[in-house]
$ cat final14.txt   # compact mmCIF, C-alpha atoms and all ligand atoms
# COMPACT_ATOMS: atom_id res chain seq x y z
CA MET W 615 9.11 -28.64 -19.38
CA LYS W 616 6.77 -29.85 -22.13
CA THR W 617 4.05 -27.62 -23.61
CA THR W 618 1.12 -28.62 -25.80
CA LEU W 619 -1.16 -26.20 -27.64
CA HIS W 620 -4.95 -26.71 -27.34
CA THR W 621 -7.32 -24.69 -29.49
CA ASP W 622 -10.34 -26.94 -29.16
CA TRP W 623 -11.52 -25.96 -25.67
CA THR W 624 -14.30 -23.39 -25.82
CA VAL W 625 -15.55 -20.84 -23.32
CA GLY W 626 -18.50 -23.18 -22.71
CA ASP W 627 -16.17 -26.11 -21.95
CA ILE W 628 -14.19 -24.10 -19.43
CA CYS W 629 -17.37 -22.80 -17.76
CA LYS W 630 -18.72 -26.29 -17.16
CA GLY W 631 -18.97 -26.75 -13.38
CA PHE W 632 -17.67 -23.26 -12.58
CA ILE W 633 -18.72 -21.60 -9.38
CA TYR W 634 -17.52 -18.35 -7.82
CA ASP W 635 -16.81 -18.67 -4.09
CA LYS W 636 -17.42 -15.31 -2.46
CA ASN W 637 -15.99 -16.40 0.89
CA GLU W 638 -12.64 -17.29 -0.58
CA GLY W 639 -12.81 -14.55 -3.19
CA LYS W 640 -12.06 -16.85 -6.08
CA GLY W 641 -13.45 -18.97 -8.86
CA LEU W 642 -13.21 -22.66 -8.06
CA PHE W 643 -13.51 -25.33 -10.75
CA GLY W 644 -14.10 -25.65 -14.48
CA LEU W 645 -13.80 -28.08 -17.38
CA ASP W 646 -16.39 -30.32 -15.76
CA GLY W 647 -14.33 -30.75 -12.59
CA LYS W 648 -10.98 -31.25 -14.29
CA LEU W 649 -9.68 -27.66 -13.91
CA ILE W 650 -8.58 -25.83 -10.76
CA ILE W 651 -9.05 -22.17 -11.58
CA GLN W 652 -7.21 -20.62 -8.67
CA PRO W 653 -4.40 -22.80 -7.33
CA GLU W 654 -3.08 -21.76 -3.93
CA TYR W 655 -0.02 -20.07 -5.36
CA GLN W 656 -2.11 -17.79 -7.56
CA ARG W 657 -3.08 -14.25 -6.78
CA ASN W 658 -6.58 -13.33 -5.68
CA TYR W 659 -9.24 -12.52 -8.22
CA ILE W 660 -8.98 -8.78 -8.84
CA TYR W 661 -11.02 -8.24 -12.01
CA GLY W 662 -14.34 -7.97 -10.16
CA ASP W 663 -14.48 -4.19 -10.44
CA GLY W 664 -17.23 -3.78 -13.03
CA LYS W 665 -14.66 -2.71 -15.63
CA LYS W 666 -12.02 -5.36 -16.24
CA ASP W 667 -14.56 -8.18 -15.90
CA VAL W 668 -16.94 -6.41 -18.29
CA ALA W 669 -14.08 -5.76 -20.73
CA VAL W 670 -13.30 -9.51 -20.90
CA VAL W 671 -16.86 -10.42 -21.90
CA ASP W 672 -17.08 -7.43 -24.22
CA SER W 673 -13.94 -8.58 -26.02
CA LEU W 674 -15.36 -12.06 -26.51
CA LEU W 675 -18.65 -10.72 -27.86
CA LYS W 676 -16.75 -8.55 -30.32
CA GLY W 677 -14.66 -11.54 -31.43
CA TYR W 678 -11.40 -10.11 -30.13
CA PRO W 679 -8.75 -12.63 -29.11
CA LEU W 680 -8.52 -13.09 -25.36
CA GLY W 681 -4.79 -13.78 -25.41
CA LEU W 682 -2.83 -16.81 -24.37
CA ILE W 683 -3.88 -18.91 -21.43
CA TYR W 684 -1.59 -21.38 -19.67
CA PHE W 685 -2.60 -24.50 -17.77
CA VAL W 686 -0.43 -26.92 -15.86
CA LEU W 687 -1.20 -30.63 -16.12
CA ASN W 688 -0.57 -32.25 -12.75
CA SER W 689 0.46 -35.85 -12.19
CA ASP W 690 -3.06 -36.64 -10.91
CA GLY W 691 -4.54 -35.61 -14.27
CA MET W 692 -5.98 -32.32 -13.00
CA TYR W 693 -5.32 -29.04 -14.77
CA GLU W 694 -4.43 -25.84 -12.90
CA VAL W 695 -4.58 -22.34 -14.35
CA LEU W 696 -1.10 -20.87 -14.44
CA ASP W 697 -1.96 -17.70 -16.34
CA GLY W 698 -5.47 -16.61 -17.29
CA GLN W 699 -7.44 -17.06 -14.10
CA GLN W 700 -8.57 -13.41 -14.07
CA ARG W 701 -9.99 -13.71 -17.60
CA ILE W 702 -11.48 -17.17 -17.02
CA THR W 703 -13.10 -16.17 -13.73
CA SER W 704 -14.59 -13.11 -15.43
CA PHE W 705 -16.24 -14.83 -18.37
CA ALA W 706 -17.29 -17.81 -16.26
CA ARG W 707 -18.98 -15.54 -13.70
CA PHE W 708 -20.92 -14.01 -16.60
CA VAL W 709 -21.85 -17.21 -18.41
CA ASN W 710 -22.68 -19.28 -15.32
CA GLN W 711 -24.44 -16.40 -13.55
CA SER W 712 -22.35 -17.01 -10.46
CA TRP W 713 -21.82 -13.50 -9.03
CA PRO W 714 -23.23 -12.29 -12.35
CA PHE W 715 -22.79 -8.91 -13.99
CA ALA W 716 -24.19 -7.17 -17.06
CA VAL W 717 -22.55 -5.85 -20.23
CA GLU W 718 -23.84 -3.16 -22.54
CA ARG W 719 -25.25 -4.32 -25.88
CA ASN W 720 -26.75 -1.70 -28.23
CA GLY W 721 -27.26 0.71 -25.36
CA LYS W 722 -28.90 -1.84 -23.06
CA GLN W 723 -27.53 -3.66 -20.00
CA ARG W 724 -27.62 -7.40 -20.65
CA TYR W 725 -26.96 -10.35 -18.39
CA PHE W 726 -26.03 -13.61 -20.06
CA ASN W 727 -29.65 -14.84 -19.94
CA SER W 728 -30.93 -11.72 -21.69
CA LEU W 729 -28.45 -11.85 -24.60
CA ASP W 730 -29.76 -12.73 -28.07
CA PRO W 731 -29.53 -16.49 -28.70
CA ASP W 732 -26.93 -16.02 -31.44
CA GLU W 733 -24.80 -13.89 -29.12
CA LYS W 734 -25.01 -16.54 -26.40
CA LYS W 735 -23.98 -19.16 -28.92
CA LYS W 736 -21.10 -17.08 -30.22
CA LEU W 737 -19.83 -16.51 -26.70
CA VAL W 738 -19.88 -20.10 -25.46
CA GLU W 739 -18.50 -21.46 -28.70
CA THR W 740 -15.48 -19.15 -28.72
CA GLU W 741 -12.37 -21.29 -28.93
CA LEU W 742 -9.55 -20.37 -26.62
CA THR W 743 -5.80 -20.59 -27.16
CA ILE W 744 -4.43 -22.61 -24.28
CA TYR W 745 -0.96 -23.99 -23.67
CA VAL W 746 -0.78 -26.97 -21.36
CA CYS W 747 2.54 -27.32 -19.55
CA GLU W 748 3.94 -30.41 -17.87
CA GLY W 749 7.07 -30.54 -15.77
CA GLU W 750 8.64 -30.57 -12.36
CA PRO W 751 6.94 -28.25 -9.86
CA SER W 752 10.17 -26.27 -9.49
CA GLU W 753 10.42 -25.74 -13.27
CA ILE W 754 6.83 -24.57 -13.49
CA GLN W 755 7.29 -22.39 -10.44
CA GLU W 756 10.32 -20.71 -11.91
CA TRP W 757 8.57 -20.15 -15.17
CA PHE W 758 5.51 -18.75 -13.43
CA GLU W 759 7.70 -16.16 -11.75
CA THR W 760 9.17 -15.05 -15.05
CA ILE W 761 5.94 -14.57 -16.99
CA ASN W 762 4.50 -11.18 -16.34
CA ILE W 763 0.75 -11.44 -16.49
CA ALA W 764 -0.55 -9.11 -19.19
CA GLY W 765 -2.28 -5.95 -18.03
CA VAL W 766 -1.75 -6.22 -14.30
CA PRO W 767 1.82 -7.16 -13.33
CA LEU W 768 2.26 -9.10 -10.12
CA VAL W 769 3.21 -6.99 -7.14
CA LYS W 770 6.13 -8.05 -4.96
CA GLN W 771 4.05 -9.81 -2.31
CA GLU W 772 2.09 -11.76 -4.94
CA LEU W 773 5.38 -13.01 -6.36
CA LEU W 774 6.58 -13.97 -2.88
CA ASN W 775 3.30 -15.82 -2.26
CA ALA W 776 3.89 -17.76 -5.46
CA SER W 777 7.52 -18.53 -4.63
CA TYR W 778 6.80 -19.70 -1.09
CA HIS W 779 3.39 -21.24 -1.63
CA GLY W 780 2.48 -23.84 0.91
CA PRO W 781 0.35 -24.25 4.02
CA PHE W 782 1.67 -21.09 5.69
CA VAL W 783 0.81 -18.75 2.80
CA THR W 784 -2.55 -20.43 2.29
CA LYS W 785 -3.54 -19.84 5.92
CA ALA W 786 -2.08 -16.34 6.03
CA ARG W 787 -3.93 -15.32 2.89
CA ALA W 788 -7.19 -16.74 4.16
CA LEU W 789 -6.89 -14.36 7.12
CA PHE W 790 -5.25 -11.22 5.73
CA SER W 791 -6.33 -11.16 2.07
CA ASN W 792 -10.01 -11.87 2.58
CA THR W 793 -12.03 -8.67 2.17
CA GLY W 794 -14.94 -10.38 3.90
CA ASN W 795 -12.98 -10.47 7.16
CA SER W 796 -14.86 -8.49 9.80
CA ASN W 797 -11.65 -6.86 11.06
CA MET W 798 -10.76 -5.49 7.65
CA ASN W 799 -12.10 -1.96 8.27
CA ARG W 800 -10.15 -1.63 11.48
CA TRP W 801 -6.96 -2.88 9.82
CA GLN W 802 -7.38 -0.54 6.88
CA THR W 803 -7.52 2.41 9.25
CA TYR W 804 -3.80 1.88 9.80
CA ILE W 805 -2.64 0.01 6.70
CA LYS W 806 -2.65 1.36 3.19
CA GLY W 807 -3.28 -0.65 0.06
CA ASP W 808 -5.58 -3.28 -1.37
CA PRO W 809 -5.97 -6.47 0.70
CA LYS W 810 -6.60 -8.40 -2.52
CA ARG W 811 -3.21 -7.22 -3.79
CA GLN W 812 -1.77 -8.59 -0.50
CA ALA W 813 -1.15 -5.20 1.16
CA ILE W 814 -2.37 -6.31 4.60
CA LEU W 815 -0.51 -9.62 4.45
CA GLU W 816 2.64 -7.82 3.34
CA THR W 817 2.36 -5.42 6.28
CA ALA W 818 1.73 -8.23 8.77
CA LEU W 819 4.82 -10.05 7.50
CA ASP W 820 6.85 -6.83 7.53
CA TRP W 821 5.97 -6.20 11.16
CA VAL W 822 6.68 -9.69 12.45
CA SER W 823 9.93 -10.03 10.48
CA ASP W 824 11.12 -6.49 11.17
CA GLY W 825 11.40 -5.88 7.43
CA ASP W 826 12.83 -9.20 6.22
CA ILE W 827 9.71 -10.69 4.67
CA GLU W 828 11.37 -13.12 2.31
CA ASP W 829 13.55 -14.66 5.01
CA TYR W 830 10.53 -15.08 7.26
CA MET W 831 8.46 -16.71 4.50
CA ALA W 832 11.30 -19.09 3.66
CA LYS W 833 11.66 -20.18 7.30
CA HIS W 834 7.95 -20.68 7.86
CA ARG W 835 6.94 -21.99 4.45
CA TYR W 836 5.86 -25.41 5.68
CA ASP W 837 4.44 -24.30 9.03
CA THR W 838 0.84 -25.23 9.52
CA SER W 839 0.31 -22.53 12.12
CA ILE W 840 0.33 -18.76 11.57
CA ASP W 841 -0.03 -17.97 15.29
CA GLU W 842 3.16 -15.95 15.60
CA LEU W 843 2.27 -13.82 12.57
CA LYS W 844 -1.28 -13.29 13.75
CA ASN W 845 -0.37 -12.60 17.38
CA HIS W 846 2.26 -10.04 16.51
CA PHE W 847 -0.09 -8.31 14.10
CA ASP W 848 -2.96 -8.21 16.61
CA THR W 849 -0.58 -6.92 19.28
CA VAL W 850 0.57 -4.01 17.13
CA ILE W 851 -2.99 -3.06 16.17
CA ASP W 852 -4.17 -3.30 19.80
CA TRP W 853 -1.17 -1.22 20.90
CA ILE W 854 -2.10 1.57 18.44
CA ASP W 855 -5.70 1.47 19.67
CA SER W 856 -4.56 1.64 23.29
CA ILE W 857 -2.75 4.95 22.70
CA PHE W 858 -4.51 6.78 19.90
CA GLU W 859 -8.20 7.62 19.70
CA TYR W 860 -7.79 9.37 16.36
CA THR W 861 -8.49 7.30 13.23
CA GLY W 862 -8.30 9.87 10.41
CA SER W 863 -6.41 9.37 7.16
CA GLU W 864 -3.15 10.68 8.68
CA VAL W 865 -2.64 7.44 10.62
CA CYS W 866 -3.05 5.23 7.54
CA GLY W 867 0.19 3.78 6.25
CA LEU W 868 2.48 5.00 9.03
CA GLU W 869 5.37 2.69 9.93
CA TRP W 870 3.44 1.18 12.81
CA GLY W 871 5.63 -1.93 13.01
CA ARG W 872 8.73 0.17 13.63
CA LEU W 873 6.89 2.55 15.96
CA TYR W 874 5.69 -0.41 18.02
CA ARG W 875 9.24 -1.77 18.28
CA GLU W 876 10.64 1.59 19.35
CA TYR W 877 7.96 2.78 21.73
CA HIS W 878 5.87 -0.12 23.06
CA THR W 879 7.74 -0.22 26.39
CA LYS W 880 6.79 3.37 27.19
CA ALA W 881 3.61 4.31 29.04
CA TYR W 882 1.15 6.84 27.66
CA SER W 883 -2.00 8.49 28.92
CA LYS W 884 -4.63 8.04 26.22
CA ASP W 885 -6.57 11.12 27.40
CA TYR W 886 -3.50 13.30 27.25
CA VAL W 887 -2.43 11.89 23.87
CA THR W 888 -5.93 12.48 22.47
CA LYS W 889 -5.84 16.10 23.60
CA ARG W 890 -2.38 16.66 22.10
CA VAL W 891 -3.33 15.03 18.77
CA ASP W 892 -6.32 17.38 18.53
CA GLU W 893 -4.20 20.42 19.30
CA LEU W 894 -1.40 19.55 16.92
CA LEU W 895 -3.78 18.61 14.09
CA THR W 896 -5.29 22.11 14.20
CA ASP W 897 -1.90 23.84 14.47
CA THR W 898 -1.53 25.58 11.12
CA GLN W 899 2.24 25.83 11.53
CA ILE W 900 2.65 22.06 11.29
CA THR W 901 2.86 21.08 7.64
CA ASN W 902 3.48 17.34 8.18
CA LYS W 903 0.42 16.17 10.11
CA ARG W 904 1.48 12.52 9.70
CA GLY W 905 4.53 13.25 11.83
CA ILE W 906 2.41 14.15 14.84
CA PHE W 907 2.00 10.56 16.02
CA GLU W 908 5.67 9.69 16.22
CA TYR W 909 6.37 13.15 17.67
CA ILE W 910 4.01 12.38 20.55
CA LEU W 911 5.32 8.82 21.01
CA GLY W 912 8.84 10.25 21.32
CA GLY W 913 7.85 12.65 24.08
CA GLU W 914 7.46 15.72 21.82
CA GLN W 915 11.18 16.26 21.36
CA ASP W 916 11.87 15.88 17.67
CA THR W 917 10.21 18.81 15.89
CA THR W 918 11.83 17.83 12.58
CA LEU W 919 9.03 15.23 12.30
CA LEU W 920 6.48 18.00 11.99
CA ASN W 921 7.96 20.14 9.24
CA VAL W 922 7.03 23.33 11.04
CA ARG W 923 6.30 26.17 8.65
CA VAL W 924 9.30 28.26 7.63
CA PHE W 925 9.54 31.98 6.97
CA ASP W 926 8.90 33.02 3.38
CA GLU W 927 11.44 34.96 1.31
CA LYS W 928 9.55 38.23 1.58
CA THR W 929 9.53 38.13 5.39
CA LYS W 930 13.22 37.18 5.51
CA LYS W 931 14.15 40.09 3.22
CA ALA W 932 12.11 42.62 5.23
CA VAL W 933 13.62 41.47 8.55
CA TYR W 934 17.11 41.44 7.02
CA ASP W 935 16.73 45.00 5.71
CA ARG W 936 15.50 46.33 9.07
CA GLN W 937 18.18 44.49 11.10
CA THR W 938 20.97 45.60 8.73
CA ARG W 939 19.85 49.27 8.75
CA GLU W 940 19.74 49.37 12.57
CA ALA W 941 23.10 47.55 12.88
CA MET W 942 24.85 49.93 10.49
CA GLU W 943 23.58 52.93 12.47
CA LYS W 944 25.00 51.43 15.68
CA GLU W 945 28.12 50.15 13.86
CA ILE W 946 27.61 46.57 15.07
CA SER W 947 27.07 43.25 13.29
CA ASN W 948 23.68 42.62 11.72
CA CYS W 949 23.74 39.17 13.39
CA PRO W 950 22.51 39.95 16.91
CA PHE W 951 24.53 37.06 18.37
CA CYS W 952 27.75 38.16 16.67
CA ALA W 953 27.07 41.72 17.80
CA ILE W 954 27.30 40.80 21.49
CA GLY W 955 30.49 38.75 20.98
CA HIS W 956 34.04 39.96 21.27
CA ASP W 957 35.67 38.56 18.15
CA ASN W 958 36.23 39.95 14.65
CA ASN W 959 32.62 39.28 13.70
CA ALA W 960 31.24 41.74 16.26
CA LYS W 961 30.98 44.43 13.59
CA ARG W 962 30.54 42.20 10.56
CA ILE W 963 27.69 42.97 8.17
CA TYR W 964 26.52 39.73 6.55
CA ARG W 965 24.89 39.48 3.16
CA LEU W 966 21.37 38.08 3.01
CA ASN W 967 22.59 34.76 1.61
CA GLU W 968 24.99 34.38 4.54
CA MET W 969 22.13 34.35 7.04
CA ASP W 970 19.19 32.13 8.00
CA ALA W 971 15.81 32.95 9.51
CA ASP W 972 15.20 31.90 13.10
CA HIS W 973 12.11 31.73 15.31
CA VAL W 974 12.85 34.09 18.27
CA THR W 975 10.39 32.09 20.33
CA ALA W 976 10.43 28.47 19.17
CA TRP W 977 7.29 26.97 17.63
CA SER W 978 7.12 24.45 20.48
CA ARG W 979 6.85 27.34 22.98
CA GLY W 980 4.05 28.98 21.02
CA GLY W 981 6.10 31.20 18.69
CA ALA W 982 4.43 32.25 15.44
CA THR W 983 5.89 32.12 11.95
CA ASP W 984 5.60 35.80 11.02
CA ALA W 985 7.83 38.88 10.91
CA SER W 986 7.23 39.72 14.57
CA ASN W 987 8.88 36.44 15.62
CA CYS W 988 11.61 36.33 12.98
CA GLN W 989 15.26 37.21 13.37
CA MET W 990 18.07 36.74 10.89
CA LEU W 991 21.18 35.02 12.27
CA CYS W 992 24.48 34.25 10.60
CA LYS W 993 24.54 30.61 9.50
CA SER W 994 26.83 29.40 12.26
CA HIS W 995 24.78 31.02 15.03
CA ASN W 996 21.57 29.72 13.53
CA ARG W 997 22.99 26.22 13.46
CA ALA W 998 24.20 26.54 17.05
CA LYS W 999 20.78 27.71 18.21
CA GLY W 1000 18.98 24.96 16.31
CA ASN W 1001 21.07 22.29 18.01
CA LYS W 1002 20.26 23.41 21.51
ZN ZN V 1101 26.39 35.39 14.22
$ encode --input "final14.txt" --output "structure tokens"
Amino acid sequence: MKTTLHTDWTVGDICKGFIYDKNEGKGLFGLDGKLIIQPEYQRNYIYGDGKKDVAVVDSLLKGYPLGLIYFVLNSDGMYEVLDGQQRITSFARFVNQSWPFAVERNGKQRYFNSLDPDEKKKLVETELTIYVCEGEPSEIQEWFETINIAGVPLVKQELLNASYHGPFVTKARALFSNTGNSNMNRWQTYIKGDPKRQAILETALDWVSDGDIEDYMAKHRYDTSIDELKNHFDTVIDWIDSIFEYTGSEVCGLEWGRLYREYHTKAYSKDYVTKRVDELLTDTQITNKRGIFEYILGGEQDTTLLNVRVFDEKTKKAVYDRQTREAMEKEISNCPFCAIGHDNNAKRIYRLNEMDADHVTAWSRGGATDASNCQMLCKSHNRAKGNK
């Protein structure tokens, strides 16, 4: 790979012909049509938050260095931004007034047009430090994966998108990483993370590949259709909607892909499920509300999903003291199950740390978590009861 240093291109040169495309969520061209600002293997533009974009322009106005920028020179004579697209898109949006924003100067908000003429001049005449790289696509690709973009490191899915760039990723990103997509709100009800940082795409790939994203991307890299990915994703989302009415924060980020695989062949009554979700959500004994959904899908068997409240130390000690006092008077074991047995333990008095607290009436049958429903059992009897 060959690299050449350019220090003669200015901010104004780069901004020539720049336009920000809101539909695609990226800056398009610069350098008077000779520069592709966001090649398909690049991440989405994520500096448009009113802070990082402002900081870029602020740095330039203060004369701070913007850091190194890397371009690739393609065989057709076009340049592509390899590293620096976030910074370039930010200052170009400001200078070209394409999705413009303001920066603070002497206590006032200023757009580019309202800057002092000398400030405008200083900004557009700032010379940038740009390395131009030439080489085989594979060399450049490998190198791209090893540079860690300053400030915001690439997340795993962004790296995978870069490694397996091609028609499949391009189409998949256009669908799943576009915040303008009208389905985005519905998807984000169930999926956590920033679509621009590829969270939705990553989830869609995770679901369709049953967890082996990289293998799936490798196999489909040159596919021109994303139908399988899209259909599986839509099916899972529709399946969730067909069972659960509830859309609160507890359903966001659950392992819906796995839940679909495990439970989609079972039938559910949406009315009944809705009623049970309401009841369980208001049950103060359940400390893991996010477990409710799988608990219901599994036929309300596995209470370990719910983290039902346990007895506190004070309650355990009080129940232990009472049970032990009564047992010693009757000369029987302080474990009520041992006491009715016929072996050596029938008269055994256990220490507190040899016993566990047990719900006399189980939570699932309406038992409370207070002293009135607490009994201390020896550890082996408690285990035996818990397994029933
Ligand atoms: Zn016992």
$ closest_residue --input "final14.txt" --among "W:Asn710, W:Ala941, W:Tyr634, W:Lys930" --to "Ser986 in chain W" --atoms "all atoms listed in the file"
W:Lys930
$ residues_around --input "final14.txt" --residues "Val933 in chain W" --least-positions-apart "2" --cutoff "7 Å" --atoms "only C-alpha atoms" --output "list in words"
Thr929, Lys930, Lys931, Asp935, Arg936, Gln937, Ala985, Gln989 and Met990 of chain W
$ residues_near_ligand --input "final14.txt" --ligand "ligand ZN 1101 (chain V)" --cutoff "10 Å" --atoms "only C-alpha atoms and all ligand atoms" --output "PyMOL selection string"
chain W and resi 947-955+959-960+962-964+968-969+990-998
$ closest_residue --input "final14.txt" --among "W:His846, W:Lys665, W:Arg657, W:Lys884" --to "Gly871 in chain W" --atoms "only C-alpha atoms"
W:His846
$ closest_residue --input "final14.txt" --among "W:Lys999, W:Cys988, W:Val783, W:Leu674" --to "Ser839 in chain W" --atoms "all atoms listed in the file"
W:Val783
$ atom_distance --input "final14.txt" --atom1 "CA of His779 in chain W" --atom2 "CA of Leu642 in chain W"
17.9 Å
$ closest_residue --input "final14.txt" --among "W:Ser712, W:Asn958, W:Asn921, W:Thr849" --to "Trp977 in chain W" --atoms "only C-alpha atoms"
W:Asn921
$ closest_atom_pairs --input "final14.txt" --of "range 641-754 of chain W" --to "range 800-817 of chain W" --cutoff "9 Å" --atoms "all atoms listed in the file" --output "Markdown table"
| residue | atom | partner | partner_atom | distance |
| --- | --- | --- | --- | --- |
| W:Arg657 | CA | W:Arg811 | CA | 7.6 |
| W:Asn658 | CA | W:Lys810 | CA | 5.9 |
| W:Tyr659 | CA | W:Lys810 | CA | 7.5 |
| W:Ile660 | CA | W:Lys810 | CA | 6.8 |
$ closest_residue --input "final14.txt" --among "W:Gln711, W:Thr901, W:Gln700, W:Asn792" --to "Thr918 in chain W" --atoms "all atoms listed in the file"
W:Thr901
$ residues_around --input "final14.txt" --residues "Ile857 in chain W" --least-positions-apart "6" --cutoff "8 Å" --atoms "only C-alpha atoms" --output "compact mmCIF listing (two decimals) with C-alpha atoms, in the coordinates of the input"
# COMPACT_ATOMS: atom_id res chain seq x y z
CA TYR W 882 1.15 6.84 27.66
CA SER W 883 -2.00 8.49 28.92
CA LYS W 884 -4.63 8.04 26.22
CA VAL W 887 -2.43 11.89 23.87
$ residues_around --input "final14.txt" --residues "Met692 in chain W" --least-positions-apart "3" --cutoff "9 Å" --atoms "all atoms listed in the file" --output "list in words"
Gly647, Lys648, Leu649, Ile650, Val686, Leu687, Asn688 and Ser689 of chain W
$ residues_near_point --input "final14.txt" --point "(5.9, 13.6, 25.4)" --cutoff "12 Å" --atoms "all atoms listed in the file" --output "PyMOL selection string"
chain W and resi 877+880-884+886-887+890-891+906-917+978
$ residues_around --input "final14.txt" --residues "Gly664 in chain W" --least-positions-apart "6" --cutoff "12 Å" --atoms "all atoms listed in the file" --output "list in words"
Val670, Val671, Asp672, Ser704, Arg707, Phe708, Trp713, Pro714, Phe715, Ala716, Val717 and Glu718 of chain W
$ write_last_selection --input "final14.txt" --atoms "C-alpha atoms" --output "PDB file, in the coordinates of the input"
ATOM      1  CA  VAL W 670     -13.300  -9.510 -20.900  1.00  0.00           C
ATOM      2  CA  VAL W 671     -16.860 -10.420 -21.900  1.00  0.00           C
ATOM      3  CA  ASP W 672     -17.080  -7.430 -24.220  1.00  0.00           C
ATOM      4  CA  SER W 704     -14.590 -13.110 -15.430  1.00  0.00           C
ATOM      5  CA  ARG W 707     -18.980 -15.540 -13.700  1.00  0.00           C
ATOM      6  CA  PHE W 708     -20.920 -14.010 -16.600  1.00  0.00           C
ATOM      7  CA  TRP W 713     -21.820 -13.500  -9.030  1.00  0.00           C
ATOM      8  CA  PRO W 714     -23.230 -12.290 -12.350  1.00  0.00           C
ATOM      9  CA  PHE W 715     -22.790  -8.910 -13.990  1.00  0.00           C
ATOM     10  CA  ALA W 716     -24.190  -7.170 -17.060  1.00  0.00           C
ATOM     11  CA  VAL W 717     -22.550  -5.850 -20.230  1.00  0.00           C
ATOM     12  CA  GLU W 718     -23.840  -3.160 -22.540  1.00  0.00           C
TER      13      GLU W 718
END
$ atom_distance --input "final14.txt" --atom1 "CA of Asp635 in chain W" --atom2 "CA of Pro781 in chain W"
19.8 Å
$ residues_around --input "final14.txt" --residues "Thr624 in chain W" --least-positions-apart "6" --cutoff "6 Å" --atoms "all atoms listed in the file" --output "PDB file with C-alpha atoms, keeping the file's coordinate frame"
ATOM      1  CA  GLU W 739     -18.500 -21.460 -28.700  1.00  0.00           C
ATOM      2  CA  THR W 740     -15.480 -19.150 -28.720  1.00  0.00           C
ATOM      3  CA  GLU W 741     -12.370 -21.290 -28.930  1.00  0.00           C
ATOM      4  CA  LEU W 742      -9.550 -20.370 -26.620  1.00  0.00           C
TER       5      LEU W 742
END
$ closest_residue --input "final14.txt" --among "W:Leu843, W:Tyr661, W:Lys630, W:Asp892" --to "Ala706 in chain W" --atoms "all atoms listed in the file"
W:Lys630
$ atom_distance --input "final14.txt" --atom1 "CA of Thr888 in chain W" --atom2 "CA of Ser856 in chain W"
11.0 Å
